[in-house]
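Okay, target_4.pdb now, which holds PDB, C-alpha atoms, pLDDT in the B column:
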```pdb
ATOM      1  CA  MET A   1       0.000   0.000   0.000  1.00 79.00           C
ATOM      2  CA  GLU A   2       1.299   3.421  -0.900  1.00 84.00           C
ATOM      3  CA  VAL A   3       0.804   6.270   1.570  1.00 86.00           C
ATOM      4  CA  VAL A   4       1.261   9.917   0.632  1.00 87.00           C
ATOM      5  CA  LEU A   5       2.580  12.394   3.198  1.00 93.00           C
ATOM      6  CA  ARG A   6       0.650  15.671   3.391  1.00 94.00           C
ATOM      7  CA  LYS A   7       1.164  19.004   5.130  1.00 95.00           C
ATOM      8  CA  TYR A   8      -1.275  19.736   7.970  1.00 92.00           C
ATOM      9  CA  GLY A   9      -0.479  23.079   9.559  1.00 94.00           C
ATOM     10  CA  ASN A  10       3.152  22.916  10.692  1.00 95.00           C
ATOM     11  CA  SER A  11       3.093  19.100  10.724  1.00 95.00           C
ATOM     12  CA  THR A  12       3.243  16.371   8.124  1.00 94.00           C
ATOM     13  CA  VAL A  13       0.693  13.557   8.273  1.00 92.00           C
ATOM     14  CA  ALA A  14       0.384  10.118   6.713  1.00 89.00           C
ATOM     15  CA  VAL A  15      -3.186   9.466   5.615  1.00 89.00           C
ATOM     16  CA  LEU A  16      -4.231   5.883   6.354  1.00 89.00           C
ATOM     17  CA  PRO A  17      -7.305   4.500   4.562  1.00 88.00           C
ATOM     18  CA  PRO A  18     -10.246   3.459   6.784  1.00 90.00           C
ATOM     19  CA  VAL A  19     -10.061  -0.144   5.498  1.00 90.00           C
ATOM     20  CA  PHE A  20      -6.427  -0.379   6.646  1.00 88.00           C
ATOM     21  CA  LEU A  21      -7.264   1.036  10.098  1.00 89.00           C
ATOM     22  CA  LYS A  22     -10.153  -1.411  10.469  1.00 92.00           C
ATOM     23  CA  ASP A  23      -7.932  -4.354   9.465  1.00 91.00           C
ATOM     24  CA  ILE A  24      -5.383  -3.548  12.173  1.00 88.00           C
ATOM     25  CA  GLY A  25      -7.930  -2.488  14.811  1.00 89.00           C
ATOM     26  CA  LEU A  26      -7.105   1.218  15.097  1.00 90.00           C
ATOM     27  CA  ILE A  27      -9.347   4.267  15.272  1.00 90.00           C
ATOM     28  CA  ALA A  28      -8.773   7.971  14.642  1.00 89.00           C
ATOM     29  CA  GLY A  29      -7.632   9.827  17.773  1.00 89.00           C
ATOM     30  CA  GLN A  30      -6.048   6.755  19.366  1.00 89.00           C
ATOM     31  CA  PRO A  31      -2.747   7.497  21.190  1.00 90.00           C
ATOM     32  CA  MET A  32       0.203   5.780  19.513  1.00 91.00           C
ATOM     33  CA  SER A  33       3.953   5.426  20.054  1.00 92.00           C
ATOM     34  CA  LEU A  34       6.245   6.174  17.128  1.00 91.00           C
ATOM     35  CA  GLU A  35       9.797   4.839  16.931  1.00 94.00           C
ATOM     36  CA  THR A  36      12.391   4.256  14.248  1.00 95.00           C
ATOM     37  CA  THR A  37      14.762   1.350  13.796  1.00 96.00           C
ATOM     38  CA  SER A  38      18.456   1.604  12.964  1.00 96.00           C
ATOM     39  CA  ASP A  39      17.683   0.578   9.378  1.00 96.00           C
ATOM     40  CA  GLY A  40      15.207   3.462   8.903  1.00 93.00           C
ATOM     41  CA  LYS A  41      11.909   1.639   9.404  1.00 94.00           C
ATOM     42  CA  ILE A  42       9.046   3.314  11.250  1.00 91.00           C
ATOM     43  CA  VAL A  43       7.359   1.363  14.053  1.00 92.00           C
ATOM     44  CA  LEU A  44       3.920   2.562  15.097  1.00 88.00           C
ATOM     45  CA  SER A  45       2.386   0.806  18.102  1.00 90.00           C
ATOM     46  CA  VAL A  46      -0.542   1.311  20.445  1.00 88.00           C
ATOM     47  CA  LYS A  47       0.518   3.394  23.435  1.00 86.00           C
ATOM     48  CA  LYS A  48       0.169   1.381  26.629  1.00 85.00           C
ATOM     49  CA  LYS A  49      -1.945   2.931  29.363  1.00 86.00           C
ATOM     50  CA  TYR A  50      -0.538   2.051  32.786  1.00 90.00           C
ATOM     51  CA  SER A  51      -2.542   1.732  35.990  1.00 95.00           C
ATOM     52  CA  LEU A  52      -1.252   3.244  39.227  1.00 96.00           C
ATOM     53  CA  SER A  53      -0.552  -0.232  40.646  1.00 94.00           C
ATOM     54  CA  GLU A  54       1.554  -1.127  37.567  1.00 95.00           C
ATOM     55  CA  LEU A  55       3.622   2.041  37.979  1.00 94.00           C
ATOM     56  CA  ILE A  56       4.106   1.539  41.725  1.00 93.00           C
ATOM     57  CA  SER A  57       5.131  -2.091  41.172  1.00 94.00           C
ATOM     58  CA  GLN A  58       8.141  -0.789  39.188  1.00 94.00           C
ATOM     59  CA  CYS A  59       9.345   1.325  42.128  1.00 93.00           C
ATOM     60  CA  ASP A  60      11.938   0.266  44.681  1.00 93.00           C
ATOM     61  CA  LEU A  61      10.109   1.082  47.908  1.00 88.00           C
ATOM     62  CA  ASN A  62      13.357   0.611  49.896  1.00 92.00           C
ATOM     63  CA  ALA A  63      15.321   3.145  47.831  1.00 91.00           C
ATOM     64  CA  LYS A  64      16.596   6.259  49.600  1.00 87.00           C
ATOM     65  CA  PRO A  65      14.930   9.512  48.562  1.00 83.00           C
ATOM     66  CA  PRO A  66      16.979  11.782  46.279  1.00 85.00           C
ATOM     67  CA  LYS A  67      19.235  14.373  47.981  1.00 82.00           C
ATOM     68  CA  ASP A  68      17.279  17.336  46.607  1.00 85.00           C
ATOM     69  CA  LEU A  69      14.074  15.993  48.192  1.00 87.00           C
ATOM     70  CA  GLU A  70      15.855  15.776  51.550  1.00 81.00           C
ATOM     71  CA  LEU A  71      16.856  19.435  51.206  1.00 82.00           C
ATOM     72  CA  TRP A  72      13.254  20.353  50.395  1.00 82.00           C
ATOM     73  CA  ASP A  73      11.908  18.477  53.414  1.00 83.00           C
ATOM     74  CA  ASN A  74      14.367  20.207  55.781  1.00 83.00           C
ATOM     75  CA  CYS A  75      14.063  23.804  54.536  1.00 82.00           C
ATOM     76  CA  LYS A  76      12.523  26.529  56.665  1.00 81.00           C
ATOM     77  CA  PRO A  77       9.525  28.576  55.482  1.00 79.00           C
ATOM     78  CA  ILE A  78      10.559  31.918  53.969  1.00 82.00           C
ATOM     79  CA  GLY A  79       7.198  33.422  53.070  1.00 83.00           C
ATOM     80  CA  GLN A  80       3.563  32.894  53.958  1.00 83.00           C
ATOM     81  CA  GLU A  81       3.681  29.078  53.697  1.00 77.00           C
ATOM     82  CA  VAL A  82       1.534  27.119  56.102  1.00 76.00           C
ATOM     83  CA  TRP A  83       3.431  24.157  57.630  1.00 66.00           C
TER      84      TRP A  83
END
```
Hey, can you dump this file as structure tokens for me?
Amino acid sequence: MEVVLRKYGNSTVAVLPPVFLKDIGLIAGQPMSLETTSDGKIVLSVKKKYSLSELISQCDLNAKPPKDLELWDNCKPIGQEVW
């Protein structure tokens, strides 16, 4: 299938025929991830939507907080902050 690139405002778009989108199970407005391979191919994949529990499961709950957060926690109020 040949796809023609077109200007759309300041962007360039690839117009995909509805039959093609239906065949691969995509709809207009769906968030996608776009990557390229070292040999110049374009990889377009459905963007994964993570749940909060999936994101937390990737965290090391025993890790020390970053140094800048420690500084933030120990600073004194300098304005009208309520502590």
Using all atoms listed in the file, which protein or nucleic acid residues come within 12 Å of A:Lys49? Drop anything in the same chain fewer than 4 positions from it, and give the result as a list in words. Gln30, Pro31, Met32, Ser33, Ser53, Glu54 and Leu55 of chain A
Atom pair atom CA of A:Leu16 + atom CA of A:Leu44, distance 12.4 Å
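Atom CA of A:Ile27 sits 12.6 Å away from atom CA of A:Val15.
The spacing separating atom CA of A:Glu35 from atom CA of A:Leu21 amounts to 18.8 Å.
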Using the chain letters and numbers from this file, what does the PyMOL selection byres ((chain A and resi 14) around 9) select? Give the answer as number ranges by chain. A: 3-6, 12-13, 15-16
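Among A:Ser38, A:Met1, A:Gly29, A:Val82, the residue with the shortest atom-to-atom distance to A:Pro17, counting only C-alpha atoms, is A:Met1.
Between A:Lys47 and the candidates A:Asn10, A:Phe20, A:Cys75, A:Leu34, the tightest atom-to-atom separation, counting all atoms listed in the file, involves A:Leu34.
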To box stretch 23-31 of chain A, take all atoms listed in the file, fit an axis-aligned box, add 3 Å on each side, and give centre and edge lengths in Å to one decimal, as JSON.
```
{"center_x": -6.0, "center_y": 2.7, "center_z": 15.3, "size_x": 12.6, "size_y": 20.2, "size_z": 17.7}
```
Saving chain A with C-alpha atoms, as an mmCIF file, in the first residue's frame, what would that file be?
```
data_model
loop_
_atom_site.group_PDB
_atom_site.id
_atom_site.type_symbol
_atom_site.label_atom_id
_atom_site.label_comp_id
_atom_site.auth_asym_id
_atom_site.auth_seq_id
_atom_site.Cartn_x
_atom_site.Cartn_y
_atom_site.Cartn_z
ATOM 1 C CA MET A 1 0.000 0.000 0.000
ATOM 2 C CA GLU A 2 1.299 3.421 -0.900
ATOM 3 C CA VAL A 3 0.804 6.270 1.570
ATOM 4 C CA VAL A 4 1.261 9.917 0.632
ATOM 5 C CA LEU A 5 2.580 12.394 3.198
ATOM 6 C CA ARG A 6 0.650 15.671 3.391
ATOM 7 C CA LYS A 7 1.164 19.004 5.130
ATOM 8 C CA TYR A 8 -1.275 19.736 7.970
ATOM 9 C CA GLY A 9 -0.479 23.079 9.559
ATOM 10 C CA ASN A 10 3.152 22.916 10.692
ATOM 11 C CA SER A 11 3.093 19.100 10.724
ATOM 12 C CA THR A 12 3.243 16.371 8.124
ATOM 13 C CA VAL A 13 0.693 13.557 8.273
ATOM 14 C CA ALA A 14 0.384 10.118 6.713
ATOM 15 C CA VAL A 15 -3.186 9.466 5.615
ATOM 16 C CA LEU A 16 -4.231 5.883 6.354
ATOM 17 C CA PRO A 17 -7.305 4.500 4.562
ATOM 18 C CA PRO A 18 -10.246 3.459 6.784
ATOM 19 C CA VAL A 19 -10.061 -0.144 5.498
ATOM 20 C CA PHE A 20 -6.427 -0.379 6.646
ATOM 21 C CA LEU A 21 -7.264 1.036 10.098
ATOM 22 C CA LYS A 22 -10.153 -1.411 10.469
ATOM 23 C CA ASP A 23 -7.932 -4.354 9.465
ATOM 24 C CA ILE A 24 -5.383 -3.548 12.173
ATOM 25 C CA GLY A 25 -7.930 -2.488 14.811
ATOM 26 C CA LEU A 26 -7.105 1.218 15.097
ATOM 27 C CA ILE A 27 -9.347 4.267 15.272
ATOM 28 C CA ALA A 28 -8.773 7.971 14.642
ATOM 29 C CA GLY A 29 -7.632 9.827 17.773
ATOM 30 C CA GLN A 30 -6.048 6.755 19.366
ATOM 31 C CA PRO A 31 -2.747 7.497 21.190
ATOM 32 C CA MET A 32 0.203 5.780 19.513
ATOM 33 C CA SER A 33 3.953 5.426 20.054
ATOM 34 C CA LEU A 34 6.245 6.174 17.128
ATOM 35 C CA GLU A 35 9.797 4.839 16.931
ATOM 36 C CA THR A 36 12.391 4.256 14.248
ATOM 37 C CA THR A 37 14.762 1.350 13.796
ATOM 38 C CA SER A 38 18.456 1.604 12.964
ATOM 39 C CA ASP A 39 17.683 0.578 9.378
ATOM 40 C CA GLY A 40 15.207 3.462 8.903
ATOM 41 C CA LYS A 41 11.909 1.639 9.404
ATOM 42 C CA ILE A 42 9.046 3.314 11.250
ATOM 43 C CA VAL A 43 7.359 1.363 14.053
ATOM 44 C CA LEU A 44 3.920 2.562 15.097
ATOM 45 C CA SER A 45 2.386 0.806 18.102
ATOM 46 C CA VAL A 46 -0.542 1.311 20.445
ATOM 47 C CA LYS A 47 0.518 3.394 23.435
ATOM 48 C CA LYS A 48 0.169 1.381 26.629
ATOM 49 C CA LYS A 49 -1.945 2.931 29.363
ATOM 50 C CA TYR A 50 -0.538 2.051 32.786
ATOM 51 C CA SER A 51 -2.542 1.732 35.990
ATOM 52 C CA LEU A 52 -1.252 3.244 39.227
ATOM 53 C CA SER A 53 -0.552 -0.232 40.646
ATOM 54 C CA GLU A 54 1.554 -1.127 37.567
ATOM 55 C CA LEU A 55 3.622 2.041 37.979
ATOM 56 C CA ILE A 56 4.106 1.539 41.725
ATOM 57 C CA SER A 57 5.131 -2.091 41.172
ATOM 58 C CA GLN A 58 8.141 -0.789 39.188
ATOM 59 C CA CYS A 59 9.345 1.325 42.128
ATOM 60 C CA ASP A 60 11.938 0.266 44.681
ATOM 61 C CA LEU A 61 10.109 1.082 47.908
ATOM 62 C CA ASN A 62 13.357 0.611 49.896
ATOM 63 C CA ALA A 63 15.321 3.145 47.831
ATOM 64 C CA LYS A 64 16.596 6.259 49.600
ATOM 65 C CA PRO A 65 14.930 9.512 48.562
ATOM 66 C CA PRO A 66 16.979 11.782 46.279
ATOM 67 C CA LYS A 67 19.235 14.373 47.981
ATOM 68 C CA ASP A 68 17.279 17.336 46.607
ATOM 69 C CA LEU A 69 14.074 15.993 48.192
ATOM 70 C CA GLU A 70 15.855 15.776 51.550
ATOM 71 C CA LEU A 71 16.856 19.435 51.206
ATOM 72 C CA TRP A 72 13.254 20.353 50.395
ATOM 73 C CA ASP A 73 11.908 18.477 53.414
ATOM 74 C CA ASN A 74 14.367 20.207 55.781
ATOM 75 C CA CYS A 75 14.063 23.804 54.536
ATOM 76 C CA LYS A 76 12.523 26.529 56.665
ATOM 77 C CA PRO A 77 9.525 28.576 55.482
ATOM 78 C CA ILE A 78 10.559 31.918 53.969
ATOM 79 C CA GLY A 79 7.198 33.422 53.070
ATOM 80 C CA GLN A 80 3.563 32.894 53.958
ATOM 81 C CA GLU A 81 3.681 29.078 53.697
ATOM 82 C CA VAL A 82 1.534 27.119 56.102
ATOM 83 C CA TRP A 83 3.431 24.157 57.630
#
```
